Every structure is written in structure tokens, then in C-alpha cells.
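entry.txt follows (compact mmCIF, C-alpha atoms):
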# COMPACT_ATOMS: atom_id res chain seq x y z
CA MET N 581 -11.74 37.16 42.07
CA GLU N 582 -13.51 33.92 42.95
CA LEU N 583 -14.72 31.13 40.68
CA SER N 584 -17.12 28.30 41.43
CA LEU N 585 -15.55 24.91 42.13
CA ARG N 586 -17.82 21.95 41.31
CA SER N 587 -17.75 18.40 42.62
CA THR N 588 -19.43 15.13 41.67
CA GLN N 589 -21.86 15.50 44.60
CA GLY N 590 -23.16 18.77 43.22
CA VAL N 591 -21.50 20.76 46.01
CA ARG N 592 -20.05 24.08 44.94
CA ALA N 593 -17.19 25.87 46.64
CA ALA N 594 -15.19 28.98 45.81
CA ILE N 595 -11.65 29.15 44.51
CA GLU N 596 -9.53 32.28 44.33
CA VAL N 597 -7.96 33.15 40.96
CA ALA N 598 -5.93 36.07 39.67
CA ASP N 599 -7.83 39.02 38.21
CA THR N 600 -4.97 39.63 35.78
CA VAL N 601 -5.73 36.33 34.03
CA PHE N 602 -9.48 35.76 34.48
CA GLY N 603 -10.74 39.31 34.88
CA ARG N 604 -9.58 41.08 31.73
CA GLU N 605 -11.69 42.95 29.20
CA PHE N 606 -12.76 41.30 25.96
CA ASN N 607 -10.41 42.30 23.12
CA GLU N 608 -11.97 40.85 19.97
CA PRO N 609 -9.48 42.26 17.41
CA LEU N 610 -6.52 40.87 19.35
CA ILE N 611 -8.16 37.46 19.77
CA HIS N 612 -9.00 37.35 16.07
CA GLN N 613 -5.43 38.20 15.09
CA VAL N 614 -3.93 35.55 17.37
CA VAL N 615 -6.39 32.84 16.27
CA VAL N 616 -5.77 33.58 12.57
CA ALA N 617 -2.01 33.54 13.15
CA TYR N 618 -2.25 30.22 15.02
CA LEU N 619 -4.24 28.61 12.19
CA ALA N 620 -1.91 30.06 9.56
CA ALA N 621 1.13 28.60 11.32
CA GLY N 622 -0.43 25.16 10.98
CA ARG N 623 -0.56 25.35 7.19
CA ALA N 624 2.13 23.25 5.54
CA GLY N 625 2.72 25.28 2.39
CA THR N 626 4.80 22.42 0.95
CA ARG N 627 3.97 22.76 -2.71
CA GLY N 628 6.31 23.01 -5.68
CA GLN N 629 6.25 22.90 -9.47
CA LYS N 630 8.93 23.29 -12.12
CA THR N 631 9.25 25.98 -14.74
CA ARG N 632 10.43 25.27 -18.31
CA ALA N 633 13.97 26.04 -17.18
CA GLU N 634 13.86 23.40 -14.45
CA VAL N 635 12.36 20.37 -16.20
CA SER N 636 14.83 17.92 -17.73
CA GLY N 637 15.30 17.61 -21.49
CA GLY N 638 14.20 19.95 -24.21
CA GLY N 639 17.68 21.10 -25.16
CA ARG N 640 17.25 20.17 -28.82
CA LYS N 641 14.93 21.84 -31.30
CA PRO N 642 12.31 19.16 -32.14
CA TRP N 643 12.18 19.97 -35.90
CA ARG N 644 13.47 22.56 -38.29
CA GLN N 645 11.97 26.02 -38.32
CA LYS N 646 10.38 25.94 -41.80
CA GLY N 647 9.06 23.46 -44.32
CA THR N 648 7.32 20.93 -42.05
CA GLY N 649 3.85 22.46 -42.07
CA ARG N 650 3.81 22.42 -38.29
CA ALA N 651 4.00 25.30 -35.86
CA ARG N 652 7.39 26.61 -34.89
CA ALA N 653 8.84 24.95 -31.77
CA GLY N 654 12.13 25.53 -30.05
CA THR N 655 11.81 23.02 -27.22
CA THR N 656 9.63 20.11 -26.10
CA ARG N 657 9.55 21.48 -22.55
CA SER N 658 7.38 24.50 -23.34
CA PRO N 659 4.33 24.98 -21.08
CA LEU N 660 2.23 24.25 -24.19
CA TRP N 661 3.63 20.72 -24.43
CA ARG N 662 2.78 17.66 -22.42
CA GLY N 663 5.59 17.12 -19.91
CA GLY N 664 6.68 20.73 -20.14
CA GLY N 665 7.18 23.22 -17.34
CA ARG N 666 4.47 25.35 -15.74
CA THR N 667 4.04 28.97 -16.74
CA PHE N 668 3.47 30.21 -13.19
CA ALA N 669 5.00 27.44 -11.11
CA ALA N 670 3.90 27.12 -7.49
CA ARG N 671 6.59 27.62 -4.87
CA PRO N 672 6.88 26.56 -1.21
CA GLN N 673 5.22 29.21 0.90
CA ASP N 674 5.43 30.15 4.57
CA TYR N 675 2.08 31.37 5.94
CA GLU N 676 3.41 32.22 9.40
CA GLN N 677 2.30 35.55 10.84
CA LYS N 678 4.28 37.39 13.48
CA VAL N 679 2.64 37.47 16.90
CA ASN N 680 4.87 38.56 19.75
CA ARG N 681 4.72 37.09 23.24
CA LYS N 682 2.87 40.04 24.77
CA MET N 683 0.08 39.84 22.18
CA TYR N 684 -0.33 36.07 22.62
CA ARG N 685 -0.49 36.31 26.41
CA GLY N 686 -2.98 39.18 26.21
CA ALA N 687 -5.22 37.22 23.85
CA MET N 688 -5.17 34.15 26.10
CA ARG N 689 -6.08 36.25 29.13
CA SER N 690 -8.95 37.81 27.21
CA ILE N 691 -10.23 34.40 26.08
CA LEU N 692 -10.10 32.95 29.60
CA SER N 693 -11.89 36.00 31.00
CA GLU N 694 -14.64 35.74 28.39
CA LEU N 695 -15.11 32.05 29.18
CA VAL N 696 -15.74 33.03 32.79
CA ARG N 697 -18.22 35.76 31.84
CA GLN N 698 -20.15 33.40 29.55
CA ASP N 699 -20.17 30.64 32.19
CA ARG N 700 -18.39 28.28 29.81
CA LEU N 701 -15.49 27.52 32.17
CA VAL N 702 -16.11 24.67 34.63
CA ILE N 703 -13.56 24.15 37.41
CA VAL N 704 -13.32 20.77 39.17
CA GLU N 705 -10.95 19.41 41.80
CA GLU N 706 -9.75 16.52 39.62
CA ILE N 707 -10.89 14.10 36.92
CA ASN N 708 -10.32 10.44 37.66
CA ALA N 709 -11.23 7.99 34.91
CA LEU N 710 -11.83 4.73 36.77
CA SER N 711 -11.71 2.73 33.54
CA PRO N 712 -10.77 3.39 29.90
CA LYS N 713 -14.42 3.21 28.79
CA ALA N 714 -16.12 6.07 26.98
CA LYS N 715 -19.53 5.19 28.43
CA GLU N 716 -18.34 5.53 32.04
CA PHE N 717 -16.45 8.74 31.27
CA LEU N 718 -19.61 10.27 29.77
CA SER N 719 -21.46 9.52 33.00
CA LEU N 720 -18.70 11.25 34.95
CA LEU N 721 -18.71 14.18 32.54
CA ARG N 722 -22.45 14.71 32.92
CA GLU N 723 -22.00 15.28 36.66
CA PHE N 724 -19.83 18.31 35.93
CA VAL N 725 -21.43 19.48 32.68
CA PRO N 726 -25.19 18.73 32.71
CA SER N 727 -25.56 19.92 29.10
CA VAL N 728 -23.78 16.78 27.91
CA ARG N 729 -26.42 14.47 26.40
CA GLN N 730 -26.52 10.70 26.49
CA ASP N 731 -29.51 8.69 25.22
CA ASN N 732 -30.12 5.19 26.61
CA GLY N 733 -26.51 4.81 27.58
CA ASP N 734 -25.40 4.68 23.97
CA VAL N 735 -21.73 5.64 23.67
CA SER N 736 -22.18 6.76 20.06
CA THR N 737 -24.66 9.47 21.06
CA ARG N 738 -23.58 13.01 20.14
CA VAL N 739 -22.49 15.12 23.09
CA ASP N 740 -22.03 18.86 23.44
CA SER N 741 -18.45 19.83 22.67
CA VAL N 742 -16.27 19.85 25.77
CA LEU N 743 -12.56 20.59 26.09
CA VAL N 744 -11.07 18.75 29.07
CA VAL N 745 -7.92 20.45 30.37
CA THR N 746 -5.91 18.55 32.94
CA ASP N 747 -2.54 18.98 34.58
CA VAL N 748 -1.68 15.27 34.34
CA LEU N 749 -2.53 13.34 31.18
CA THR N 750 -2.97 9.67 32.07
CA GLU N 751 -3.28 6.77 29.65
CA ARG N 752 -6.61 5.73 31.14
CA LEU N 753 -8.07 9.19 30.63
CA TYR N 754 -6.76 9.29 27.06
CA LEU N 755 -8.34 5.93 26.23
CA ALA N 756 -11.67 7.00 27.76
CA THR N 757 -11.95 10.12 25.60
CA ARG N 758 -10.34 9.19 22.27
CA ASN N 759 -13.55 7.76 20.75
CA LEU N 760 -15.73 10.72 21.75
CA SER N 761 -15.94 12.96 18.70
CA HIS N 762 -17.08 16.04 20.64
CA VAL N 763 -14.70 15.70 23.59
CA GLU N 764 -11.04 16.69 23.36
CA LEU N 765 -8.33 16.19 25.96
CA ALA N 766 -5.49 18.67 26.42
CA GLU N 767 -2.70 19.32 28.88
CA ALA N 768 -2.60 22.68 30.62
CA MET N 769 0.78 23.67 29.18
CA MET N 770 -0.30 22.74 25.63
CA VAL N 771 -3.69 24.46 25.51
CA ASP N 772 -4.10 26.82 22.55
CA PRO N 773 -6.46 29.71 21.70
CA VAL N 774 -8.24 27.83 18.88
CA SER N 775 -9.32 25.02 21.22
CA LEU N 776 -10.49 27.44 23.91
CA VAL N 777 -12.77 29.38 21.55
CA GLY N 778 -13.92 26.33 19.58
CA PHE N 779 -15.61 24.32 22.33
CA GLU N 780 -18.90 25.08 24.05
CA LYS N 781 -17.56 24.16 27.50
CA VAL N 782 -14.07 24.02 28.97
CA LEU N 783 -13.69 21.59 31.88
CA MET N 784 -10.51 22.36 33.81
CA THR N 785 -8.97 20.80 36.89
CA VAL N 786 -7.59 22.91 39.71
CA GLY N 787 -4.06 21.75 38.92
CA ALA N 788 -4.44 22.83 35.31
CA LEU N 789 -5.97 26.12 36.45
CA ARG N 790 -2.92 26.90 38.58
CA GLN N 791 -0.52 26.05 35.75
CA ILE N 792 -2.37 28.31 33.31
CA GLU N 793 -2.60 31.04 35.91
CA GLU N 794 1.14 30.89 36.50
CA ARG N 795 1.85 30.78 32.76
CA PHE N 796 -0.16 33.89 31.86
CA ALA N 797 0.03 35.90 35.07
As C-alpha cells, how would this structure be written, given the file I've shared?
Amino acid sequence: MELSLRSTQGVRAAIEVADTVFGREFNEPLIHQVVVAYLAAGRAGTRGQKTRAEVSGGGRKPWRQKGTGRARAGTTRSPLWRGGGRTFAARPQDYEQKVNRKMYRGAMRSILSELVRQDRLVIVEEINALSPKAKEFLSLLREFVPSVRQDNGDVSTRVDSVLVVTDVLTERLYLATRNLSHVELAEAMMVDPVSLVGFEKVLMTVGALRQIEERFA
């Protein structure tokens, strides 16, 4: 199949891509499962509390059983006491969900195909940031994605969310995009399903397109 290739002069050409990667059917249950598993794998789960058996001290009965007028107590490390253990202590937990390689690749193909159908995938020859300035990069971005807004040249103006996927991540390009809250930069080999579905537009260079195509073909 063919996709439209855009340039800064507004000229559009055609680029041939693999149907096995960009022409698949939309599989919503599979995409949902992979996205949930990806988000779950990012959870730390590093929590821990001690039970009454694990806290230090409390080996001696604080007072005798009868005759004091106070309630019976066998230890000062009871959950009822300050400094005591927890009744249902939290434990470190692993939230990882199993997703095999075939499922992940199928979900990524389905996401990429849906981006093409919804006209959310923009292919360009290359992205050259001439300077590490957000204002100049926004002007360049508007040539490829007209929906990006910029009022009076103000860099702080909100822009439509755009994921920029490139094959080569340069320092100048990183500096030009790091202060833009609605623009994210990603390398082709590190792109993930959550980023692809979370942005309104995905701007991808031809080099990045070929790497992704080879990765999921």
C-alpha cells in the first residue's frame, strides 16, 4: 500500500509500505490488553509494612495480667498499640501481566493501521532542527501538521499533541522539543503502544518508518 509523504513546501509524494504492518484490521480487545499490560508493567509496587511478628521489641509482657485495673496486654507491639505491627501488612507486589511477543506485535500493527485509517500518521522525509529553540521548531512543525496552533509567536501557547518519531535522536532536536508540553520525542526502536494511542498526531520520518516496518513485519 502507499502512504502520503509530506514536505515543507507542501508537496506530497507517495511512499510504499508493507500491508502486513500498516494494513491490518482494528483489533480493539488486543490493543486494550497490550496497553493495560504496558501500563501495569510501569507500576513500581515497592510497598512494605511489618506485622506484629516483624517489628522489634515487645518480647516482655508490659504489666501483670490482673490487679492493675487496665486491659490485659501481652505485648507492646500489638496492632492496637502505637509503634506496633500492622494487622494486614502491605507486601511488595508485581503488577506485570503476561503478553507474548506475537500479541504485542499484532497490537502494534493494529495501532499503526488505525493511525493510517484515521489520518493521524504524518510521514516526512526528515526533521532537521536548525536551532535548539522551541519557537522555531513549532514553526517547522506547523508546516507538517497544520492543526498545531501558535498565537502571536508565543512559545508557551498550547499545541495539539504530537508524537515525533525519528530514527536519529539528536541533541538539538531534543533541546527544541523538551519545553513543549504537548510534543514528545521518541526513537523508532523505543516507540510504545501507549504513546501511539495517546497523541492526536504521530509525525514520523521515513527512516523511522523503515525501522518500525522492519521491526513488526
Which residue is closest to Glu716 of chain N? Choose from N:Leu692, N:Leu755, N:Val745, N:Leu701 and count all atoms listed in the file.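 Using all atoms listed in the file, Glu716 of chain N sits closest to N:Leu755.
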Atom-to-atom span, atom CA of Glu723 of chain N and atom CA of Glu794 of chain N, Å: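 The value is 27.9 Å.
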In terms of the shortest atom-to-atom distance over only C-alpha atoms, which of N:Ala709, N:Val702, N:Leu619, N:Leu660 is closest to Val786 of chain N? N:Val702
With distances taken over all atoms listed in the file, the candidate from N:Gln673, N:Thr667, N:Thr785, N:Thr655 nearest Thr626 of chain N is N:Gln673
Of N:Val615, N:Ala669, N:Leu743, N:Val748, the one sitting nearest Val771 of chain N when using all atoms listed in the file is N:Leu743
Can you tell me which residues surround Ala766 of chain N at a distance of at most 12 Å, considering only C-alpha atoms, apart from same-chain residues fewer than 5 positions away, and format the answer as an NGL selection string? :N and (742-750 or 753-754 or 757-758 or 771-772 or 775-776 or 782-785 or 788)
